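*Asks:* Dropping in my_file_5.txt, which is compact mmCIF, C-alpha atoms and all ligand atoms:
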```
# COMPACT_ATOMS: atom_id res chain seq x y z
CA MET G 208 -1.63 -19.24 -7.97
CA SER G 209 -4.38 -17.39 -6.23
CA ARG G 210 -3.21 -14.33 -4.42
CA LYS G 211 -4.99 -12.36 -1.73
CA ILE G 212 -6.82 -9.34 -3.15
CA ILE G 213 -6.33 -6.34 -0.88
CA VAL G 214 -7.95 -2.94 -1.31
CA ALA G 215 -6.54 -0.38 1.10
CA GLY G 216 -7.61 3.21 1.60
CA ASN G 217 -4.75 5.60 2.25
CA TRP G 218 -6.42 8.53 3.96
CA LYS G 219 -3.16 10.53 3.96
CA MET G 220 -3.41 13.77 6.01
CA ASN G 221 -7.18 13.89 5.78
CA THR G 222 -10.05 13.50 8.28
CA THR G 223 -10.70 15.24 11.56
CA LEU G 224 -11.93 13.03 14.39
CA ASP G 225 -15.59 13.32 13.40
CA GLU G 226 -14.83 12.86 9.71
CA ALA G 227 -12.73 9.77 10.41
CA LYS G 228 -15.47 8.21 12.52
CA ALA G 229 -18.14 8.96 9.92
CA LEU G 230 -16.00 7.58 7.10
CA ALA G 231 -15.15 4.42 9.04
CA LYS G 232 -18.84 3.86 9.83
CA GLY G 233 -19.80 4.37 6.21
CA ILE G 234 -17.15 1.94 5.00
CA VAL G 235 -18.05 -0.74 7.55
CA GLU G 236 -21.67 -0.54 6.43
CA ALA G 237 -20.82 -0.51 2.71
CA VAL G 238 -18.45 -3.49 2.73
CA LYS G 239 -20.17 -5.68 5.31
CA ASP G 240 -21.04 -8.40 2.79
CA VAL G 241 -17.66 -8.40 1.03
CA LYS G 242 -15.93 -11.75 1.44
CA ASP G 243 -13.18 -12.29 -1.09
CA VAL G 244 -11.40 -8.94 -0.77
CA GLU G 245 -9.38 -7.84 2.26
CA VAL G 246 -10.55 -4.30 3.03
CA VAL G 247 -8.10 -2.02 4.84
CA VAL G 248 -8.32 1.60 5.99
CA CYS G 249 -5.21 3.62 6.82
CA PRO G 250 -6.21 6.71 8.80
CA PRO G 251 -3.74 9.27 10.15
CA TYR G 252 -2.14 8.01 13.41
CA ILE G 253 -4.30 10.18 15.62
CA ASN G 254 -7.50 8.70 14.26
CA ILE G 255 -6.43 5.06 14.45
CA ALA G 256 -7.86 4.44 17.93
CA PRO G 257 -11.36 5.82 17.26
CA VAL G 258 -11.48 4.10 13.85
CA MET G 259 -10.37 0.83 15.46
CA GLU G 260 -13.31 1.01 17.86
CA ILE G 261 -15.66 1.27 14.89
CA VAL G 262 -14.14 -1.49 12.76
CA ALA G 263 -13.45 -3.96 15.61
CA GLY G 264 -15.17 -7.26 14.89
CA THR G 265 -15.93 -6.34 11.26
CA ASN G 266 -14.27 -7.37 7.99
CA VAL G 267 -12.32 -4.06 7.86
CA ALA G 268 -8.67 -4.09 8.95
CA VAL G 269 -6.60 -1.05 9.91
CA GLY G 270 -3.23 0.03 8.57
CA ALA G 271 -0.93 2.89 9.52
CA GLN G 272 0.80 5.22 7.08
CA ASP G 273 4.34 4.82 8.46
CA ILE G 274 6.43 3.58 11.39
CA HIS G 275 9.79 4.45 12.80
CA TRP G 276 12.41 1.70 12.79
CA GLU G 277 13.50 2.12 16.41
CA GLU G 278 11.57 0.30 19.15
CA SER G 279 11.13 3.28 21.48
CA GLY G 280 13.07 6.18 22.93
CA ALA G 281 14.03 9.75 22.16
CA TYR G 282 12.63 10.03 18.65
CA THR G 283 10.29 12.99 18.95
CA SER G 284 7.31 12.83 16.59
CA LYS G 285 7.74 9.16 15.67
CA VAL G 286 5.49 6.15 16.20
CA SER G 287 6.75 2.60 16.68
CA ALA G 288 5.51 -0.77 15.45
CA ASP G 289 4.70 -1.85 19.02
CA MET G 290 2.50 1.20 19.57
CA LEU G 291 0.52 0.38 16.44
CA LEU G 292 0.25 -3.30 17.31
CA SER G 293 -1.06 -2.38 20.76
CA HIS G 294 -3.97 -0.70 18.97
CA GLY G 295 -4.68 -3.71 16.78
CA VAL G 296 -3.13 -2.33 13.58
CA LYS G 297 -2.40 -5.02 10.97
CA TYR G 298 -0.77 -3.23 8.01
CA VAL G 299 1.68 -0.38 7.50
CA ILE G 300 2.29 1.61 4.33
CA LEU G 301 6.04 2.08 3.79
CA GLY G 302 7.97 4.02 1.19
CA HIS G 303 5.04 5.93 -0.23
CA SER G 304 6.18 8.46 -2.82
CA GLU G 305 5.01 11.41 -0.70
CA PRO G 306 7.39 10.71 2.22
CA ARG G 307 10.05 9.86 -0.38
CA GLN G 308 9.46 13.23 -2.06
CA TYR G 309 8.82 15.49 0.95
CA PHE G 310 10.20 13.86 4.10
CA GLY G 311 13.53 12.32 3.19
CA GLU G 312 12.39 8.70 2.88
CA THR G 313 15.01 6.63 1.06
CA ASP G 314 15.31 3.00 0.00
CA ALA G 315 17.53 2.50 3.06
CA THR G 316 14.92 3.82 5.53
CA VAL G 317 12.19 1.84 3.78
CA ASN G 318 14.35 -1.24 4.24
CA LYS G 319 14.90 -0.60 7.97
CA LYS G 320 11.18 -0.05 8.49
CA THR G 321 10.24 -3.15 6.47
CA ILE G 322 12.60 -5.29 8.55
CA VAL G 323 11.16 -3.98 11.82
CA ALA G 324 7.55 -4.30 10.65
CA LEU G 325 8.15 -7.93 9.71
CA ALA G 326 9.98 -8.71 12.94
CA LYS G 327 7.09 -7.28 14.93
CA GLY G 328 4.31 -8.83 12.89
CA LEU G 329 2.92 -5.88 10.95
CA ILE G 330 2.28 -6.49 7.24
CA PRO G 331 4.27 -3.96 5.20
CA ILE G 332 2.69 -2.44 2.11
CA VAL G 333 5.89 -1.43 0.33
CA CYS G 334 5.33 1.28 -2.28
CA VAL G 335 7.41 1.57 -5.44
CA GLY G 336 6.92 3.55 -8.62
CA GLU G 337 8.55 5.80 -11.17
CA THR G 338 8.16 9.52 -11.79
CA LEU G 339 7.07 10.87 -15.16
CA GLU G 340 10.66 11.89 -16.03
CA GLU G 341 11.86 8.39 -15.22
CA ARG G 342 9.13 6.84 -17.36
CA GLU G 343 9.94 9.17 -20.25
CA ALA G 344 13.63 8.36 -19.92
CA ASP G 345 12.80 4.66 -20.18
CA LYS G 346 14.01 4.00 -16.65
CA ILE G 347 11.01 2.10 -15.28
CA VAL G 348 12.81 -1.22 -14.89
CA GLU G 349 15.83 0.46 -13.32
CA VAL G 350 13.74 2.43 -10.82
CA LEU G 351 11.51 -0.49 -9.85
CA SER G 352 14.56 -2.69 -9.50
CA THR G 353 16.45 -0.23 -7.27
CA GLN G 354 13.43 0.44 -5.08
CA THR G 355 12.39 -3.21 -4.74
CA LYS G 356 15.91 -4.49 -4.12
CA GLY G 357 16.48 -1.62 -1.70
CA ALA G 358 13.32 -2.27 0.31
CA PHE G 359 13.86 -6.04 0.46
CA ALA G 360 17.62 -6.08 1.09
CA GLY G 361 18.47 -8.74 3.65
CA ILE G 362 14.87 -9.97 3.91
CA SER G 363 14.39 -13.74 3.63
CA ALA G 364 12.07 -15.38 1.11
CA ASP G 365 9.70 -16.43 3.90
CA ASP G 366 9.46 -12.87 5.17
CA ALA G 367 9.17 -11.40 1.68
CA LYS G 368 6.09 -13.57 1.12
CA LYS G 369 4.38 -11.84 4.06
CA CYS G 370 4.69 -8.43 2.37
CA VAL G 371 2.39 -6.57 0.04
CA ILE G 372 3.80 -4.33 -2.70
CA ALA G 373 1.99 -1.32 -4.11
CA TYR G 374 2.99 -0.19 -7.59
CA GLU G 375 2.25 3.52 -7.61
CA PRO G 376 3.48 5.48 -10.61
CA VAL G 377 4.18 8.88 -9.08
CA TRP G 378 2.69 10.71 -12.08
CA ALA G 379 -0.66 9.01 -11.47
CA ILE G 380 -1.00 9.82 -7.76
CA GLY G 381 -3.68 12.40 -7.10
CA THR G 382 -3.45 13.66 -10.68
CA GLY G 383 -6.47 11.95 -12.21
CA LYS G 384 -4.07 10.30 -14.69
CA THR G 385 -4.25 6.55 -14.34
CA ALA G 386 -1.86 4.07 -15.86
CA THR G 387 -3.71 2.09 -18.50
CA PRO G 388 -4.47 -1.45 -17.35
CA GLU G 389 -1.75 -2.70 -19.74
CA MET G 390 0.85 -0.21 -18.50
CA ALA G 391 0.10 -1.14 -14.90
CA ASP G 392 0.11 -4.87 -15.58
CA ASP G 393 3.47 -4.56 -17.39
CA ALA G 394 4.98 -2.78 -14.39
CA HIS G 395 3.57 -5.42 -12.04
CA LYS G 396 5.19 -8.07 -14.23
CA VAL G 397 8.50 -6.23 -14.02
CA ILE G 398 8.22 -6.29 -10.21
CA ARG G 399 7.48 -10.03 -10.28
CA ASP G 400 10.54 -10.56 -12.49
CA ILE G 401 12.68 -8.64 -9.99
CA LEU G 402 11.29 -10.79 -7.15
CA THR G 403 12.03 -13.93 -9.17
CA GLU G 404 15.60 -12.76 -9.63
CA MET G 405 15.95 -11.88 -5.92
CA TYR G 406 14.13 -14.94 -4.57
CA ASN G 407 12.28 -17.42 -6.77
CA THR G 408 9.10 -17.84 -8.79
CA GLU G 409 7.10 -18.99 -5.81
CA VAL G 410 7.80 -15.77 -3.91
CA ALA G 411 7.21 -13.66 -7.02
CA GLN G 412 3.89 -15.33 -7.72
CA SER G 413 2.60 -15.29 -4.16
CA ILE G 414 3.05 -11.61 -3.29
CA THR G 415 -0.01 -9.39 -3.59
CA ILE G 416 0.85 -6.40 -5.79
CA GLN G 417 -1.63 -3.55 -5.57
CA TYR G 418 -1.98 -0.77 -8.09
CA GLY G 419 -2.22 2.80 -6.80
CA GLY G 420 -2.65 6.11 -8.60
CA SER G 421 -6.03 7.71 -9.35
CA MET G 422 -7.86 4.41 -9.07
CA LYS G 423 -11.59 5.12 -9.11
CA PRO G 424 -14.78 3.05 -9.32
CA ASP G 425 -14.94 3.62 -13.08
CA ASN G 426 -11.43 2.38 -13.90
CA ALA G 427 -11.09 -0.22 -11.13
CA LYS G 428 -12.76 -3.09 -12.94
CA GLU G 429 -10.38 -3.02 -15.89
CA LEU G 430 -7.32 -2.59 -13.68
CA LEU G 431 -8.36 -5.37 -11.29
CA ALA G 432 -9.06 -7.69 -14.22
CA GLN G 433 -5.36 -7.71 -15.12
CA PRO G 434 -3.58 -10.94 -14.22
CA ASN G 435 -0.85 -9.27 -12.16
CA ILE G 436 -2.95 -6.67 -10.33
CA ASP G 437 -4.14 -7.88 -6.94
CA GLY G 438 -6.01 -4.96 -5.47
CA GLY G 439 -5.44 -1.28 -4.96
CA LEU G 440 -3.98 1.37 -2.71
CA ILE G 441 -6.49 4.16 -2.95
CA GLY G 442 -6.05 7.82 -2.00
CA GLY G 443 -8.73 10.30 -3.08
CA ALA G 444 -11.44 7.75 -3.84
CA ALA G 445 -10.99 6.18 -0.37
CA LEU G 446 -12.28 9.31 1.36
CA LYS G 447 -15.91 8.58 0.49
CA ALA G 448 -17.50 5.30 1.52
CA ASP G 449 -19.41 4.90 -1.74
CA SER G 450 -16.47 5.42 -4.08
CA PHE G 451 -14.25 3.21 -1.91
CA TYR G 452 -16.93 0.53 -2.02
CA GLY G 453 -17.16 1.03 -5.79
CA ILE G 454 -13.53 -0.08 -6.03
CA VAL G 455 -13.79 -2.88 -3.47
CA SER G 456 -16.76 -4.33 -5.36
CA ALA G 457 -15.13 -3.97 -8.79
CA LYS G 458 -13.13 -7.18 -8.43
P1 LIG R 501 -4.70 8.60 -5.35
O1 LIG R 501 -3.55 8.20 -4.30
O2 LIG R 501 -5.65 7.43 -5.41
O3 LIG R 501 -5.34 9.84 -4.77
O4 LIG R 501 -4.03 8.85 -6.65
C1 LIG R 501 -3.02 6.91 -4.24
C2 LIG R 501 -1.93 6.85 -3.20
O5 LIG R 501 -1.16 7.81 -3.07
O6 LIG R 501 -1.78 5.83 -2.49
```
Show me this structure written as structure tokens.
*Replies:*
Amino acid sequence: MSRKIIVAGNWKMNTTLDEAKALAKGIVEAVKDVKDVEVVVCPPYINIAPVMEIVAGTNVAVGAQDIHWEESGAYTSKVSADMLLSHGVKYVILGHSEPRQYFGETDATVNKKTIVALAKGLIPIVCVGETLEEREADKIVEVLSTQTKGAFAGISADDAKKCVIAYEPVWAIGTGKTATPEMADDAHKVIRDILTEMYNTEVAQSITIQYGGSMKPDNAKELLAQPNIDGGLIGGAALKADSFYGIVSAK
């Protein structure tokens, strides 16, 4: 089954207004001839509108880095799905390990956000992945199972098929340590097995599963050549148009 290849840049808490505009312009120019890869940039909320102006009408889509699960109201500091949709946002990263680690994100909040994103028409990029301690304790399957089942609880097979999953081993994020292509592909297979158990083979085989964690132009080719790896969620290397393009063009 051919799955959509998606390479998304997670800009995290980086880029001032001018930097965001310059980066978006550089990426638009670099990827303008790319056809078979969906290219996504995920700027901080405040830079979504100016980036959207730059990417409008191009082959670059915009994602956000989070949403709140309520529609609107007294939730100081939060941003809703409707607000993002009104700006033309297509994707939203949910359950990234940084909010899990620093801002109290849990499988239950990831689930609520995934349900709302789907109901509103945003495409969730649901992040899962084990820490180094969990890997060393041989708990990869357990962790991926808990996180995937938690995020997708109560979500129908049809809705699950609309989601993207990002496998991001926590120990590889921003550390320069990348999972070997075999390690990553094995974890992606584990996630597909969990989806088969939860839903069926069709769902498991149709969901795009990105790899994330120190993906760079020089390791992207080997990672993207793996049968279960369908793109990347890129942090550091997404902050320069040429290195981001180096990954986008590695497929
Ligand atoms: P990294 O981040 O590419 O800088 O490791 C990936 C991510 O956190 O999505």
*Asks:* Excluding region 445-458 of chain G and any residue of its chain fewer than 2 positions from it, enumerate the residues within 8 Å of it, using all atoms listed in the file, and give them as a list in words.
*Replies:*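 Contacts, in chain order: Val214, Gly216, Asn217, Trp218, Leu230, Ala231, Gly233, Ile234, Ala237, Val238, Val241, Val244, Val246, Met422, Lys423, Pro424, Ala427, Lys428, Leu431, Ala432, Ile441, Gly442 and Gly443 of chain G.
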*Asks:* Please save C-alpha atoms of the selected residues as a short mmCIF file (atom, residue, chain, number, x, y, z; two decimals), keeping the file's coordinate frame.
*Replies:*
```cif
data_model
loop_
_atom_site.label_atom_id
_atom_site.label_comp_id
_atom_site.auth_asym_id
_atom_site.auth_seq_id
_atom_site.Cartn_x
_atom_site.Cartn_y
_atom_site.Cartn_z
CA VAL G 214 -7.95 -2.94 -1.31
CA GLY G 216 -7.61 3.21 1.60
CA ASN G 217 -4.75 5.60 2.25
CA TRP G 218 -6.42 8.53 3.96
CA LEU G 230 -16.00 7.58 7.10
CA ALA G 231 -15.15 4.42 9.04
CA GLY G 233 -19.80 4.37 6.21
CA ILE G 234 -17.15 1.94 5.00
CA ALA G 237 -20.82 -0.51 2.71
CA VAL G 238 -18.45 -3.49 2.73
CA VAL G 241 -17.66 -8.40 1.03
CA VAL G 244 -11.40 -8.94 -0.77
CA VAL G 246 -10.55 -4.30 3.03
CA MET G 422 -7.86 4.41 -9.07
CA LYS G 423 -11.59 5.12 -9.11
CA PRO G 424 -14.78 3.05 -9.32
CA ALA G 427 -11.09 -0.22 -11.13
CA LYS G 428 -12.76 -3.09 -12.94
CA LEU G 431 -8.36 -5.37 -11.29
CA ALA G 432 -9.06 -7.69 -14.22
CA ILE G 441 -6.49 4.16 -2.95
CA GLY G 442 -6.05 7.82 -2.00
CA GLY G 443 -8.73 10.30 -3.08
#
```
*Asks:* Which residues, written as a list in words, have at least one atom at most 10 Å from Asn254 (chain G), with only C-alpha atoms counted and residues fewer than 5 positions away on the same chain left out?
*Replies:*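 After dropping sequence-adjacent residues, the list is Asn221, Thr222, Thr223, Leu224, Asp225, Glu226, Ala227, Lys228, Cys249, Met259 and Ala271 of chain G.
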*Asks:* If you keep C-alpha atoms, can you produce a file of those selected residues as an mmCIF file, keeping the file's coordinate frame?
*Replies:*
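Result file is selection09.cif:
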```
data_model
loop_
_atom_site.group_PDB
_atom_site.id
_atom_site.type_symbol
_atom_site.label_atom_id
_atom_site.label_comp_id
_atom_site.auth_asym_id
_atom_site.auth_seq_id
_atom_site.Cartn_x
_atom_site.Cartn_y
_atom_site.Cartn_z
ATOM 1 C CA ASN G 221 -7.180 13.890 5.780
ATOM 2 C CA THR G 222 -10.050 13.500 8.280
ATOM 3 C CA THR G 223 -10.700 15.240 11.560
ATOM 4 C CA LEU G 224 -11.930 13.030 14.390
ATOM 5 C CA ASP G 225 -15.590 13.320 13.400
ATOM 6 C CA GLU G 226 -14.830 12.860 9.710
ATOM 7 C CA ALA G 227 -12.730 9.770 10.410
ATOM 8 C CA LYS G 228 -15.470 8.210 12.520
ATOM 9 C CA CYS G 249 -5.210 3.620 6.820
ATOM 10 C CA MET G 259 -10.370 0.830 15.460
ATOM 11 C CA ALA G 271 -0.930 2.890 9.520
#
```
*Asks:* Identify, on the basis of only C-alpha atoms, every residue whose closest approach to Thr408 (chain G) does not exceed 12 Å; exclude the query and any residue fewer than 4 positions from it along the same chain; express the result as a PyMOL selection string.
*Replies:* chain G and resi 208+364+368+396+398-404+412-414
*Asks:* For Ala288 (chain G), list every protein, DNA or RNA residue within 10 Å, evaluated using only C-alpha atoms, and leave out those in the same chain fewer than 5 positions away; present the list as an MDAnalysis selection string.
*Replies:* chainID G and resid 271 273:279 293 296 299 320 323:329
*Asks:* Would you mind telling me which residue in G:Ser421, G:Gln272, G:Thr385, G:Gln354 lies nearest to Glu337 (chain G) when using all atoms listed in the file?
*Replies:*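 Checking each candidate against Glu337 (chain G), we get G:Gln354 as the closest.
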*Asks:* Kindly indicate which residue among G:Gly381, G:Gly336, G:Pro306, G:Pro250 lies nearest to ligand LIG 501 (chain R), using only C-alpha atoms and all ligand atoms for the distances.
*Replies:*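 Using only C-alpha atoms and all ligand atoms, the shortest distance to ligand LIG 501 (chain R) belongs to G:Gly381.
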*Asks:* Hey, can you check how far CA of Thr313 (chain G) sits from CA of Ala358 (chain G)?
*Replies:*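 Spanning CA of Thr313 (chain G) to CA of Ala358 (chain G) is a straight-line distance of 9.1 Å.
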*Asks:* Can you pull out the residues contacting region 373-378 of chain G? Cut-off 9 Å, using all atoms listed in the file, and skip same-chain residues under 4 positions away; I want them as a count of residues only.
*Replies:* 32
*Asks:* Between G:Gly361, G:Gly295, G:Ala229, G:Lys285, which one has atoms that come closest to Ala315 (chain G), using only C-alpha atoms?
*Replies:*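 Checking each candidate against Ala315 (chain G), we get G:Gly361 as the closest.
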*Asks:* Here is a test: counting all atoms listed in the file, which residue of G:Ile322, G:Ile372, G:Ala360, G:Ala411 is nearest to ligand LIG 501 (chain R)?
*Replies:*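 Of all the options, G:Ile372 lies closest to ligand LIG 501 (chain R).
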*Asks:* With only C-alpha atoms as the atoms that count, which of G:Asp289, G:Asp437, G:Glu260, G:Glu389 lies nearest to Arg210 (chain G)?
*Replies:*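 Selected residue with least distance to Arg210 (chain G): G:Asp437.
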*Asks:* Report, in Å to a single decimal, how far apart CA of Pro434 (chain G) and CA of Lys356 (chain G) are.
*Replies:*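 Separation between CA of Lys356 (chain G) and CA of Pro434 (chain G): 22.9 Å.
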